[in-house]
file coords.txt (compact mmCIF, C-alpha atoms and all ligand atoms)
# COMPACT_ATOMS: atom_id res chain seq x y z
CA MET A 23 2.75 12.29 1.65
CA ILE A 24 0.39 9.80 3.27
CA ASP A 25 -2.37 10.65 5.76
CA ILE A 26 -3.95 7.74 7.62
CA PHE A 27 -7.45 7.75 9.12
CA THR A 28 -7.99 5.48 12.12
CA GLY A 29 -10.85 4.61 14.45
CA GLY A 30 -10.33 5.72 18.04
CA GLN A 31 -12.85 3.47 19.74
CA GLY A 32 -14.90 0.43 18.72
CA GLY A 33 -15.38 1.47 15.09
CA ASP A 34 -18.17 3.49 13.47
CA GLU A 35 -16.75 6.79 14.68
CA GLY A 36 -17.35 8.35 11.27
CA LYS A 37 -14.00 7.88 9.53
CA GLY A 38 -15.79 7.97 6.18
CA ASP A 39 -16.98 11.57 6.49
CA ALA A 40 -13.65 12.68 7.95
CA ILE A 41 -11.49 11.37 5.12
CA ARG A 42 -13.96 12.57 2.56
CA TYR A 43 -13.65 16.13 3.89
CA VAL A 44 -9.85 16.12 4.11
CA ALA A 45 -9.53 14.47 0.68
CA GLY A 46 -11.37 17.43 -0.83
CA LYS A 47 -9.55 20.01 1.28
CA LEU A 48 -5.99 18.77 0.75
CA GLY A 49 -6.49 17.37 -2.74
CA TYR A 50 -5.50 13.73 -2.26
CA THR A 51 -4.97 12.20 -5.67
CA VAL A 52 -5.70 8.70 -4.36
CA VAL A 53 -7.64 7.24 -1.44
CA LEU A 54 -7.09 3.60 -0.48
CA LYS A 55 -9.53 1.50 1.52
CA VAL A 56 -7.74 -1.09 3.61
CA GLY A 57 -8.98 -4.10 5.57
CA GLY A 58 -12.12 -6.13 5.33
CA CYS A 59 -15.60 -5.76 3.89
CA GLN A 60 -17.26 -6.39 7.25
CA ALA A 61 -16.73 -2.76 8.21
CA GLY A 62 -19.24 -0.42 6.62
CA HIS A 63 -18.51 3.26 6.16
CA SER A 64 -21.38 5.56 5.46
CA THR A 65 -21.68 8.96 3.89
CA TRP A 66 -24.37 11.11 2.27
CA TYR A 67 -23.95 11.96 -1.40
CA LYS A 68 -26.44 13.68 -3.72
CA GLY A 69 -29.35 13.19 -1.30
CA ARG A 70 -28.66 9.54 -0.67
CA LYS A 71 -26.96 7.69 2.19
CA PHE A 72 -24.36 5.20 1.00
CA GLY A 73 -23.30 2.36 3.31
CA LEU A 74 -20.12 1.14 1.65
CA LYS A 75 -18.05 -1.94 2.46
CA THR A 76 -15.45 -1.72 -0.27
CA VAL A 77 -15.56 1.56 -2.18
CA PRO A 78 -13.88 4.34 -0.14
CA CYS A 79 -16.15 7.16 1.10
CA ALA A 80 -13.87 9.59 -0.73
CA PHE A 81 -15.68 8.43 -3.91
CA ALA A 82 -17.84 11.49 -3.21
CA VAL A 83 -14.91 13.77 -4.05
CA GLU A 84 -14.80 14.04 -7.80
CA GLY A 85 -11.54 13.18 -9.50
CA VAL A 86 -10.04 11.26 -6.57
CA GLU A 87 -8.66 7.90 -7.71
CA LEU A 88 -9.77 4.98 -5.54
CA ARG A 89 -7.63 1.95 -4.80
CA ILE A 90 -8.07 -1.40 -3.04
CA PRO A 91 -4.61 -2.63 -1.97
CA SER A 92 -3.21 -6.12 -1.38
CA GLY A 93 -4.05 -5.88 2.33
CA ALA A 94 -7.78 -5.65 1.63
CA TYR A 95 -10.48 -8.35 1.77
CA ILE A 96 -13.39 -7.93 -0.63
CA ARG A 97 -16.38 -9.86 -1.92
CA THR A 98 -16.52 -9.66 -5.71
CA ASP A 99 -20.33 -9.32 -5.83
CA TRP A 100 -20.39 -6.49 -3.27
CA PHE A 101 -17.50 -4.72 -4.98
CA LEU A 102 -19.18 -4.80 -8.40
CA ARG A 103 -22.50 -3.65 -6.94
CA GLU A 104 -20.94 -0.72 -5.10
CA VAL A 105 -18.90 0.31 -8.15
CA GLU A 106 -22.12 0.44 -10.14
CA GLU A 107 -24.09 2.28 -7.44
CA THR A 108 -21.41 4.91 -6.96
CA GLY A 109 -20.52 5.14 -10.66
CA VAL A 110 -16.77 5.02 -10.01
CA GLY A 111 -15.93 2.29 -12.57
CA GLY A 112 -13.51 4.61 -14.38
CA ARG A 113 -11.43 5.52 -11.31
CA ILE A 114 -11.24 2.46 -9.08
CA LYS A 115 -8.52 -0.20 -9.26
CA VAL A 116 -7.71 -3.34 -7.27
CA ASP A 117 -4.34 -4.88 -6.47
CA PRO A 118 -3.83 -8.39 -7.91
CA TYR A 119 -3.15 -9.69 -4.38
CA CYS A 120 -6.24 -8.23 -2.75
CA ALA A 121 -7.94 -11.23 -1.08
CA ILE A 122 -11.38 -12.45 -2.14
CA VAL A 123 -13.92 -13.44 0.51
CA THR A 124 -15.99 -16.25 -1.01
CA GLN A 125 -19.54 -17.36 -0.25
CA ALA A 126 -18.00 -20.43 1.43
CA HIS A 127 -16.15 -18.14 3.87
CA THR A 128 -19.34 -16.25 4.65
CA ASP A 129 -21.33 -19.46 5.15
CA GLU A 130 -18.66 -20.96 7.38
CA GLU A 131 -18.48 -17.87 9.58
CA ASN A 132 -22.25 -17.66 9.88
CA ALA A 133 -22.39 -21.26 11.07
CA ASP A 134 -19.63 -20.73 13.67
CA ASN A 135 -21.10 -20.34 17.15
CA ASN A 136 -17.85 -19.11 18.66
CA MET A 137 -17.80 -16.25 16.15
CA LYS A 138 -21.44 -15.45 16.93
CA GLY A 139 -20.54 -15.39 20.63
CA ILE A 140 -17.96 -12.64 20.15
CA GLY A 141 -20.38 -10.63 18.01
CA SER A 142 -18.91 -11.23 14.55
CA VAL A 143 -21.05 -9.74 11.78
CA GLY A 144 -20.49 -13.00 9.87
CA THR A 145 -19.07 -11.60 6.62
CA GLY A 146 -16.38 -14.28 6.41
CA VAL A 147 -13.33 -12.01 6.50
CA GLY A 148 -11.83 -13.95 9.44
CA LYS A 149 -12.16 -17.28 7.62
CA CYS A 150 -10.69 -15.77 4.46
CA LEU A 151 -7.76 -14.36 6.43
CA ARG A 152 -7.19 -17.77 8.02
CA ASP A 153 -7.10 -19.46 4.60
CA ARG A 154 -4.59 -16.88 3.37
CA VAL A 155 -2.38 -17.51 6.41
CA GLU A 156 -2.65 -21.28 5.86
CA ARG A 157 -1.72 -20.79 2.20
CA LYS A 158 -4.60 -22.95 0.99
CA PRO A 159 -3.97 -24.05 -2.63
CA ASN A 160 -7.40 -22.84 -3.82
CA PHE A 161 -7.14 -19.42 -2.18
CA VAL A 162 -8.60 -16.73 -4.45
CA PHE A 163 -6.94 -13.38 -5.11
CA ALA A 164 -8.41 -10.56 -7.19
CA LYS A 165 -6.11 -11.53 -10.10
CA ASP A 166 -7.89 -14.91 -10.30
CA VAL A 167 -11.40 -13.45 -10.78
CA PRO A 168 -12.36 -12.84 -14.45
CA GLU A 169 -14.97 -10.16 -13.55
CA LEU A 170 -12.23 -8.09 -11.89
CA LYS A 171 -9.81 -8.34 -14.82
CA HIS A 172 -10.08 -4.75 -16.03
CA PHE A 173 -9.79 -3.35 -12.48
CA ILE A 174 -6.44 -4.99 -11.74
CA THR A 175 -3.33 -2.87 -11.27
CA ASP A 176 -0.17 -2.96 -9.12
CA VAL A 177 -1.56 -0.61 -6.45
CA THR A 178 1.56 -0.56 -4.27
CA GLY A 179 3.83 0.17 -7.22
CA GLU A 180 1.51 2.94 -8.36
CA ILE A 181 1.36 4.71 -5.00
CA HIS A 182 5.14 4.72 -4.67
CA GLY A 183 5.33 6.33 -8.11
CA ARG A 184 2.85 8.97 -6.98
CA LEU A 185 4.65 9.59 -3.68
CA LYS A 186 7.87 10.12 -5.59
CA LYS A 187 6.12 12.82 -7.61
CA GLY A 188 5.01 14.54 -4.38
CA GLU A 189 1.33 13.60 -4.49
CA ASP A 190 -0.80 13.31 -1.33
CA ILE A 191 -2.59 10.06 -0.55
CA GLY A 192 -5.27 9.15 2.00
CA VAL A 193 -5.71 5.80 3.71
CA GLU A 194 -9.24 5.02 4.87
CA GLY A 195 -8.82 2.71 7.85
CA THR A 196 -11.48 0.41 9.21
CA GLN A 197 -12.98 -0.34 12.61
CA GLY A 198 -11.40 0.99 15.80
CA ARG A 199 -8.57 0.31 18.22
CA LYS A 200 -10.71 -1.60 20.75
CA LEU A 201 -11.32 -4.18 18.03
CA ASP A 202 -7.58 -4.59 17.33
CA LEU A 203 -6.46 -8.24 17.33
CA LEU A 204 -3.17 -7.41 19.09
CA HIS A 205 -4.09 -4.39 21.22
CA GLY A 206 -7.86 -4.55 21.62
CA GLU A 207 -10.35 -6.14 23.99
CA TYR A 208 -9.64 -9.78 23.12
CA PRO A 209 -11.63 -11.95 22.34
CA TYR A 210 -14.15 -9.26 21.30
CA VAL A 211 -11.90 -8.17 18.48
CA THR A 212 -11.64 -8.41 14.72
CA SER A 213 -9.32 -10.75 12.77
CA ARG A 214 -6.51 -8.21 12.19
CA SER A 215 -4.82 -5.25 13.70
CA VAL A 216 -6.60 -1.94 13.01
CA ILE A 217 -4.03 0.72 13.91
CA SER A 218 -1.96 2.97 11.63
CA PRO A 219 1.11 0.67 11.30
CA GLN A 220 -1.13 -2.16 10.14
CA PHE A 221 -2.80 0.07 7.56
CA LEU A 222 0.62 1.02 6.21
CA ALA A 223 1.53 -2.66 5.85
CA GLU A 224 -1.77 -3.24 4.05
CA ILE A 225 -1.00 -0.61 1.41
CA GLY A 226 2.68 -1.58 1.24
CA ALA A 227 4.47 1.53 2.50
CA GLY A 228 6.76 2.34 5.41
CA PRO A 229 6.46 5.23 7.89
CA ARG A 230 8.81 7.51 5.95
CA PHE A 231 6.04 9.06 3.87
CA VAL A 232 3.48 9.51 6.67
CA ARG A 233 2.46 13.12 7.30
CA ASP A 234 -0.52 12.86 9.64
CA VAL A 235 -2.44 10.17 11.47
CA TYR A 236 -6.02 11.25 12.09
CA THR A 237 -7.86 9.41 14.84
CA VAL A 238 -11.62 9.75 14.96
CA PHE A 239 -13.57 9.72 18.23
CA LYS A 240 -17.22 10.11 19.23
CA PRO A 241 -18.01 11.73 22.60
CA TYR A 242 -19.24 8.34 23.81
CA GLU A 243 -18.42 4.68 23.15
CA SER A 244 -20.46 2.31 21.00
CA ARG A 245 -20.34 -1.39 20.34
CA VAL A 246 -22.33 -3.47 17.91
CA GLY A 247 -21.85 -6.82 19.64
CA PRO A 248 -21.02 -8.21 23.07
CA GLY A 249 -17.90 -7.22 25.05
CA PRO A 250 -16.91 -4.75 27.76
CA LEU A 251 -18.53 -1.31 27.77
CA LYS A 252 -18.04 1.04 30.71
CA GLY A 253 -20.96 3.25 31.79
CA GLU A 254 -23.39 1.49 29.45
CA LEU A 255 -26.68 3.34 28.90
CA THR A 256 -29.82 1.34 29.54
CA ASP A 257 -32.59 3.96 29.33
CA GLU A 258 -34.53 3.00 26.18
CA GLU A 259 -35.70 6.59 25.55
CA VAL A 260 -32.13 7.93 25.60
CA LEU A 261 -30.91 5.01 23.46
CA LYS A 262 -33.61 5.82 20.91
CA LYS A 263 -32.07 9.27 20.44
CA TYR A 264 -28.65 7.73 19.70
CA ARG A 265 -30.16 5.29 17.22
CA GLN A 266 -32.39 7.75 15.42
CA LEU A 267 -30.30 10.94 15.40
CA GLY A 268 -26.84 9.44 15.81
CA GLY A 269 -27.33 6.59 13.32
CA GLU A 270 -26.20 4.11 15.97
CA VAL A 271 -27.26 1.04 14.05
CA GLY A 272 -24.61 -1.23 12.47
CA THR A 273 -23.98 -0.29 8.80
CA VAL A 274 -23.44 -3.94 7.85
CA SER A 275 -25.14 -5.83 10.67
CA LYS A 276 -28.18 -3.47 11.04
CA ARG A 277 -28.04 -4.29 14.76
CA PRO A 278 -28.67 -1.40 17.17
CA ARG A 279 -25.37 -0.37 18.74
CA ARG A 280 -24.81 -0.37 22.51
CA ILE A 281 -23.79 2.99 23.96
CA GLY A 282 -21.36 3.68 26.85
CA ALA A 283 -19.48 6.58 28.43
CA PHE A 284 -16.35 8.04 26.76
CA ASP A 285 -13.27 6.19 27.99
CA PHE A 286 -10.36 8.64 28.39
CA GLU A 287 -7.85 6.04 29.54
CA ALA A 288 -8.54 3.93 26.46
CA ALA A 289 -8.38 7.03 24.23
CA ILE A 290 -4.84 7.87 25.43
CA ARG A 291 -3.78 4.31 24.69
CA THR A 292 -5.35 4.57 21.23
CA ILE A 293 -3.41 7.76 20.49
CA MET A 294 -0.17 6.07 21.51
CA LEU A 295 -0.84 2.97 19.43
CA ASN A 296 -1.61 5.01 16.32
CA SER A 297 0.93 7.81 16.81
CA THR A 298 -2.03 10.11 16.28
CA THR A 299 -1.16 13.64 15.22
CA ARG A 300 -4.68 15.02 14.58
CA LEU A 301 -7.88 14.37 16.51
CA VAL A 302 -11.33 14.31 14.97
CA LEU A 303 -14.49 14.47 17.08
CA THR A 304 -17.79 13.43 15.52
CA HIS A 305 -21.38 13.24 16.82
CA MET A 306 -21.00 16.35 18.97
CA ASP A 307 -24.64 17.11 18.15
CA MET A 308 -25.62 14.21 20.38
CA LEU A 309 -24.56 16.17 23.48
CA GLU A 310 -26.84 18.56 25.32
CA GLY A 311 -25.62 22.15 25.13
CA PHE A 312 -23.89 21.86 21.78
CA ASP A 313 -23.86 24.99 19.63
CA LYS A 314 -23.79 24.40 15.88
CA ASP A 315 -22.17 27.79 15.21
CA HIS A 316 -19.32 26.90 17.52
CA THR A 317 -19.57 30.11 19.48
CA LYS A 318 -20.77 28.93 22.87
CA TYR A 319 -21.13 25.52 24.41
CA THR A 320 -22.92 24.84 27.66
CA GLY A 321 -23.69 21.87 29.93
CA GLU A 322 -22.74 18.41 28.79
CA ALA A 323 -21.12 19.56 25.52
CA LYS A 324 -18.89 22.12 27.27
CA ARG A 325 -17.84 19.66 29.99
CA PHE A 326 -16.98 17.00 27.44
CA LEU A 327 -15.04 19.27 25.09
CA ASP A 328 -13.02 20.77 27.97
CA ASP A 329 -12.19 17.29 29.27
CA PHE A 330 -11.33 16.02 25.80
CA ILE A 331 -8.88 18.86 25.16
CA ASP A 332 -7.40 18.65 28.69
CA HIS A 333 -6.80 14.92 28.54
CA LEU A 334 -5.92 14.31 24.91
CA GLU A 335 -4.47 17.39 23.21
CA GLY A 336 -0.73 17.88 23.22
CA ILE A 337 0.25 14.73 25.08
CA TYR A 338 3.22 14.68 22.70
CA GLY A 339 5.29 17.53 21.38
CA VAL A 340 8.03 17.97 18.81
CA ASP A 341 10.07 21.19 18.57
CA GLY A 342 7.54 23.02 20.72
CA GLU A 343 4.70 21.94 18.46
CA PRO A 344 2.17 19.96 20.53
CA TYR A 345 0.32 17.00 19.10
CA PRO A 346 -2.20 15.56 18.76
CA LYS A 347 -4.37 18.61 18.08
CA LEU A 348 -8.11 18.75 17.64
CA ALA A 349 -8.39 19.30 13.89
CA LEU A 350 -12.00 18.62 12.94
CA MET A 351 -15.38 18.37 14.61
CA LYS A 352 -18.50 16.81 13.05
CA THR A 353 -21.70 18.44 14.23
CA GLY A 354 -24.32 16.41 12.40
CA PRO A 355 -24.79 13.48 10.03
CA MET A 356 -24.31 15.44 6.80
CA PRO A 357 -20.84 15.85 5.29
CA GLU A 358 -21.08 19.65 5.46
CA ASP A 359 -21.80 19.57 9.22
CA ILE A 360 -18.13 20.04 9.99
CA ILE A 361 -15.92 22.53 11.82
CA ASP A 362 -12.33 22.81 10.60
CA PHE A 363 -10.10 24.22 13.34
CA ASP A 364 -7.42 25.11 10.78
CA LEU A 365 -9.86 27.61 9.31
CA LEU A 366 -11.17 29.19 12.54
P1 LIG A 401 -16.25 1.67 10.44
O1 LIG A 401 -15.10 1.26 9.57
O2 LIG A 401 -17.37 0.69 10.39
O3 LIG A 401 -15.79 1.89 11.83
O4 LIG A 401 -16.93 3.03 9.83
P2 LIG A 401 -16.99 4.59 10.09
O5 LIG A 401 -16.02 5.03 11.13
O6 LIG A 401 -16.86 5.26 8.78
O7 LIG A 401 -18.44 4.91 10.65
P3 LIG A 401 -19.88 4.49 10.08
O8 LIG A 401 -20.08 5.16 8.76
O9 LIG A 401 -20.07 3.04 10.17
O10 LIG A 401 -20.82 5.15 11.20
C1 LIG A 401 -20.90 6.52 11.44
C2 LIG A 401 -22.37 6.99 11.35
O11 LIG A 401 -22.52 8.25 11.96
C3 LIG A 401 -22.87 7.18 9.95
O12 LIG A 401 -24.22 6.81 9.90
C4 LIG A 401 -22.70 8.71 9.69
O13 LIG A 401 -23.59 9.23 8.73
C5 LIG A 401 -23.02 9.25 11.05
N1 LIG A 401 -22.33 10.49 11.44
C6 LIG A 401 -21.05 10.84 11.15
N2 LIG A 401 -20.75 12.01 11.80
C7 LIG A 401 -21.85 12.37 12.51
C8 LIG A 401 -22.15 13.47 13.40
O14 LIG A 401 -21.35 14.33 13.69
N3 LIG A 401 -23.40 13.48 13.96
C9 LIG A 401 -24.34 12.54 13.70
N4 LIG A 401 -25.51 12.64 14.28
N5 LIG A 401 -24.08 11.48 12.87
C10 LIG A 401 -22.86 11.40 12.28
MG MG A 402 -19.06 1.35 10.38
call {"tool": "encode", "arguments": {"input": "coords.txt", "output": "structure tokens", "more": "lines below"}}
Ligand code: GTP
Ligand code: MG
result
Amino acid sequence: MIDIFTGGQGGDEGKGDAIRYVAGKLGYTVVLKVGGCQAGHSTWYKGRKFGLKTVPCAFAVEGVELRIPSGAYIRTDWFLREVEETGVGGRIKVDPYCAIVTQAHTDEENADNNMKGIGSVGTGVGKCLRDRVERKPNFVFAKDVPELKHFITDVTGEIHGRLKKGEDIGVEGTQGRKLDLLHGEYPYVTSRSVISPQFLAEIGAGPRFVRDVYTVFKPYESRVGPGPLKGELTDEEVLKKYRQLGGEVGTVSKRPRRIGAFDFEAAIRTIMLNSTTRLVLTHMDMLEGFDKDHTKYTGEAKRFLDDFIDHLEGIYGVDGEPYPKLALMKTGPMPEDIIDFDLL
């Protein structure tokens, strides 16, 4: 079956750590990273923090095969560098129709003032996507790049073979619903849709094989560029805490992220758009009154968690089984700082 990991807010919720944990727990045989290389996922591995744009965070789970499908946008140089850094050369493959973001795309996007105005990180994914849509004769796919030759495989064909055999597969989504081209806060959005049905299209599968859709939230909102942000924090001292302890600095852009209050109305919409079945909360350690042992919460942490469960758990139900359910909670930046509600 397929499990999909989606971002509940404006991206950077910590999808990387979430899928990494579940990949190890449920034994996914393959994890696919969809979408563009402007979205950086980070995770700690062997004492080092990896900020990855192309290699899935589940690289940290030994034995998991890694795949880049035809709905992905990569830069060849970044891909090769990350493969070397993570040492996954023997277990990563790329679909022949994965799109290649060229230096010309990056340069064009960096020179585009409109894109700067909406807070684009300037990777060039939007320009690459446009060229693909326009069917430009010189458009480059992974199959056209000699350096990628020995990584090429029919990813979609392979995953259907694996699904037929009953294997479990994880899809590492990018960004978050507020950045969705069709359902987000236009024009402060990314160049594609970033909800579960889009991710399925990007790997080339229909909903039949989907088991769970995980949606990852932080107990506050963050944004790396301009755009609406309710209840925005302005106190520099408080913001410093988010940046230093919460890592609220763009993985790719290195820009400090803006911080706002959790938006329940938007979260309900996000759950509907994704058909979320399992909720993940990260960065709970940023709230006052949080208890790492998960025995007693007080103050801000207790208020937030109660509200979160009241508003978002069980808004759907099938055969008496409510969903979504709070499945996981991250309590710190390290991968092992995690509470699994299935095990409590
Ligand atoms: P995008 O596709 O860019 O949205 O990526 P992402 O959702 O994987 O998130 P990203 O890695 O960009 O940002 C999350 C950051 O928070 C990383 O620096 C993580 O190491 C860190 N992090 C994850 N969970 C927690 C947590 O519970 N507490 C704290 N303090 N940091 C966390
Ligand atoms: Mg990120």
call {"tool": "atom_distance", "arguments": {"input": "coords.txt", "atom1": "CA of Phe101 in chain A", "atom2": "CA of Glu84 in chain A"}}
result
19.2 Å
call {"tool": "closest_atom_pairs", "arguments": {"input": "coords.txt", "of": "chain A", "to": "ligand LIG 401 (chain A)", "cutoff": "9 Å", "atoms": "only C-alpha atoms and all ligand atoms", "output": "JSON lines"}}
result
{"residue": "A:Thr28", "atom": "CA", "partner": "A:LIG401", "partner_atom": "O5", "distance": 8.1}
{"residue": "A:Gly29", "atom": "CA", "partner": "A:LIG401", "partner_atom": "O5", "distance": 6.2}
{"residue": "A:Gly30", "atom": "CA", "partner": "A:LIG401", "partner_atom": "O5", "distance": 9.0}
{"residue": "A:Gln31", "atom": "CA", "partner": "A:LIG401", "partner_atom": "O3", "distance": 8.6}
{"residue": "A:Gly32", "atom": "CA", "partner": "A:LIG401", "partner_atom": "O3", "distance": 7.1}
{"residue": "A:Gly33", "atom": "CA", "partner": "A:LIG401", "partner_atom": "O3", "distance": 3.3}
{"residue": "A:Asp34", "atom": "CA", "partner": "A:LIG401", "partner_atom": "O7", "distance": 3.2}
{"residue": "A:Glu35", "atom": "CA", "partner": "A:LIG401", "partner_atom": "O5", "distance": 4.0}
{"residue": "A:Gly36", "atom": "CA", "partner": "A:LIG401", "partner_atom": "O5", "distance": 3.6}
{"residue": "A:Lys37", "atom": "CA", "partner": "A:LIG401", "partner_atom": "O5", "distance": 3.8}
{"residue": "A:Gly38", "atom": "CA", "partner": "A:LIG401", "partner_atom": "O6", "distance": 3.9}
{"residue": "A:Asp39", "atom": "CA", "partner": "A:LIG401", "partner_atom": "C6", "distance": 6.2}
{"residue": "A:Ala40", "atom": "CA", "partner": "A:LIG401", "partner_atom": "N2", "distance": 8.1}
{"residue": "A:Ile41", "atom": "CA", "partner": "A:LIG401", "partner_atom": "O6", "distance": 8.9}
{"residue": "A:Gln60", "atom": "CA", "partner": "A:LIG401", "partner_atom": "O2", "distance": 7.7}
{"residue": "A:Ala61", "atom": "CA", "partner": "A:LIG401", "partner_atom": "O2", "distance": 4.1}
{"residue": "A:Gly62", "atom": "CA", "partner": "A:LIG401", "partner_atom": "O2", "distance": 4.4}
{"residue": "A:His63", "atom": "CA", "partner": "A:LIG401", "partner_atom": "O8", "distance": 3.6}
{"residue": "A:Ser64", "atom": "CA", "partner": "A:LIG401", "partner_atom": "O8", "distance": 3.6}
{"residue": "A:Thr65", "atom": "CA", "partner": "A:LIG401", "partner_atom": "O13", "distance": 5.2}
{"residue": "A:Trp66", "atom": "CA", "partner": "A:LIG401", "partner_atom": "O13", "distance": 6.8}
{"residue": "A:Lys71", "atom": "CA", "partner": "A:LIG401", "partner_atom": "O13", "distance": 7.5}
{"residue": "A:Phe72", "atom": "CA", "partner": "A:LIG401", "partner_atom": "O13", "distance": 8.8}
{"residue": "A:Gly73", "atom": "CA", "partner": "A:LIG401", "partner_atom": "O8", "distance": 6.9}
{"residue": "A:Leu74", "atom": "CA", "partner": "A:LIG401", "partner_atom": "O8", "distance": 8.2}
{"residue": "A:Lys75", "atom": "CA", "partner": "A:LIG401", "partner_atom": "O1", "distance": 8.3}
{"residue": "A:Cys79", "atom": "CA", "partner": "A:LIG401", "partner_atom": "O6", "distance": 7.9}
{"residue": "A:Glu194", "atom": "CA", "partner": "A:LIG401", "partner_atom": "O1", "distance": 8.4}
{"residue": "A:Gly195", "atom": "CA", "partner": "A:LIG401", "partner_atom": "O1", "distance": 6.7}
{"residue": "A:Thr196", "atom": "CA", "partner": "A:LIG401", "partner_atom": "O1", "distance": 3.7}
{"residue": "A:Gln197", "atom": "CA", "partner": "A:LIG401", "partner_atom": "O3", "distance": 3.7}
{"residue": "A:Gly198", "atom": "CA", "partner": "A:LIG401", "partner_atom": "O3", "distance": 6.0}
{"residue": "A:Val238", "atom": "CA", "partner": "A:LIG401", "partner_atom": "O5", "distance": 7.5}
{"residue": "A:Phe239", "atom": "CA", "partner": "A:LIG401", "partner_atom": "O5", "distance": 8.9}
{"residue": "A:Lys240", "atom": "CA", "partner": "A:LIG401", "partner_atom": "O14", "distance": 8.1}
{"residue": "A:Tyr264", "atom": "CA", "partner": "A:LIG401", "partner_atom": "N4", "distance": 8.0}
{"residue": "A:Gln266", "atom": "CA", "partner": "A:LIG401", "partner_atom": "N4", "distance": 8.5}
{"residue": "A:Leu267", "atom": "CA", "partner": "A:LIG401", "partner_atom": "N4", "distance": 5.2}
{"residue": "A:Gly268", "atom": "CA", "partner": "A:LIG401", "partner_atom": "N4", "distance": 3.8}
{"residue": "A:Gly269", "atom": "CA", "partner": "A:LIG401", "partner_atom": "O12", "distance": 4.6}
{"residue": "A:Glu270", "atom": "CA", "partner": "A:LIG401", "partner_atom": "C2", "distance": 6.7}
{"residue": "A:Val271", "atom": "CA", "partner": "A:LIG401", "partner_atom": "O12", "distance": 7.7}
{"residue": "A:Gly272", "atom": "CA", "partner": "A:LIG401", "partner_atom": "O9", "distance": 6.6}
{"residue": "A:Thr273", "atom": "CA", "partner": "A:LIG401", "partner_atom": "O9", "distance": 5.3}
{"residue": "A:Val274", "atom": "CA", "partner": "A:LIG401", "partner_atom": "O2", "distance": 8.0}
{"residue": "A:Leu303", "atom": "CA", "partner": "A:LIG401", "partner_atom": "O14", "distance": 7.7}
{"residue": "A:Thr304", "atom": "CA", "partner": "A:LIG401", "partner_atom": "O14", "distance": 4.1}
{"residue": "A:His305", "atom": "CA", "partner": "A:LIG401", "partner_atom": "O14", "distance": 3.3}
{"residue": "A:Met306", "atom": "CA", "partner": "A:LIG401", "partner_atom": "O14", "distance": 5.7}
{"residue": "A:Asp307", "atom": "CA", "partner": "A:LIG401", "partner_atom": "N3", "distance": 5.7}
{"residue": "A:Met308", "atom": "CA", "partner": "A:LIG401", "partner_atom": "N4", "distance": 6.3}
{"residue": "A:Met351", "atom": "CA", "partner": "A:LIG401", "partner_atom": "O14", "distance": 7.3}
{"residue": "A:Lys352", "atom": "CA", "partner": "A:LIG401", "partner_atom": "O14", "distance": 3.8}
{"residue": "A:Thr353", "atom": "CA", "partner": "A:LIG401", "partner_atom": "O14", "distance": 4.2}
{"residue": "A:Gly354", "atom": "CA", "partner": "A:LIG401", "partner_atom": "N3", "distance": 3.4}
{"residue": "A:Pro355", "atom": "CA", "partner": "A:LIG401", "partner_atom": "N5", "distance": 3.5}
{"residue": "A:Met356", "atom": "CA", "partner": "A:LIG401", "partner_atom": "O13", "distance": 6.5}
{"residue": "A:Pro357", "atom": "CA", "partner": "A:LIG401", "partner_atom": "N2", "distance": 7.6}
{"residue": "A:Asp359", "atom": "CA", "partner": "A:LIG401", "partner_atom": "O14", "distance": 6.9}
{"residue": "A:Ile360", "atom": "CA", "partner": "A:LIG401", "partner_atom": "O14", "distance": 7.5}
call {"tool": "residues_around", "arguments": {"input": "coords.txt", "residues": "range 284-301 of chain A", "least_positions_apart": "4", "cutoff": "6 Å", "atoms": "only C-alpha atoms", "output": "list in words"}}
result
Ile217, Ser218, Asp234, Val235, Tyr236, Thr237, Pro241, Tyr242, Glu243, Tyr345, Pro346, Lys347, Leu348 and Ala349 of chain A
call {"tool": "write_last_selection", "arguments": {"input": "coords.txt", "atoms": "C-alpha atoms", "output": "mmCIF file, keeping the file's coordinate frame"}}
result
data_model
loop_
_atom_site.group_PDB
_atom_site.id
_atom_site.type_symbol
_atom_site.label_atom_id
_atom_site.label_comp_id
_atom_site.auth_asym_id
_atom_site.auth_seq_id
_atom_site.Cartn_x
_atom_site.Cartn_y
_atom_site.Cartn_z
ATOM 1 C CA ILE A 217 -4.030 0.720 13.910
ATOM 2 C CA SER A 218 -1.960 2.970 11.630
ATOM 3 C CA ASP A 234 -0.520 12.860 9.640
ATOM 4 C CA VAL A 235 -2.440 10.170 11.470
ATOM 5 C CA TYR A 236 -6.020 11.250 12.090
ATOM 6 C CA THR A 237 -7.860 9.410 14.840
ATOM 7 C CA PRO A 241 -18.010 11.730 22.600
ATOM 8 C CA TYR A 242 -19.240 8.340 23.810
ATOM 9 C CA GLU A 243 -18.420 4.680 23.150
ATOM 10 C CA TYR A 345 0.320 17.000 19.100
ATOM 11 C CA PRO A 346 -2.200 15.560 18.760
ATOM 12 C CA LYS A 347 -4.370 18.610 18.080
ATOM 13 C CA LEU A 348 -8.110 18.750 17.640
ATOM 14 C CA ALA A 349 -8.390 19.300 13.890
#
call {"tool": "closest_residue", "arguments": {"input": "coords.txt", "among": "A:Ala126, A:Val162, A:Cys59, A:Leu365", "to": "ligand MG 402 (chain A)", "atoms": "only C-alpha atoms and all ligand atoms"}}
result
A:Cys59
call {"tool": "closest_residue", "arguments": {"input": "coords.txt", "among": "A:Lys165, A:Glu189, A:Glu107, A:Tyr67", "to": "Glu87 in chain A", "atoms": "all atoms listed in the file"}}
result
A:Glu189
call {"tool": "atom_distance", "arguments": {"input": "coords.txt", "atom1": "CA of Val44 in chain A", "atom2": "CA of Phe27 in chain A"}}
result
10.0 Å
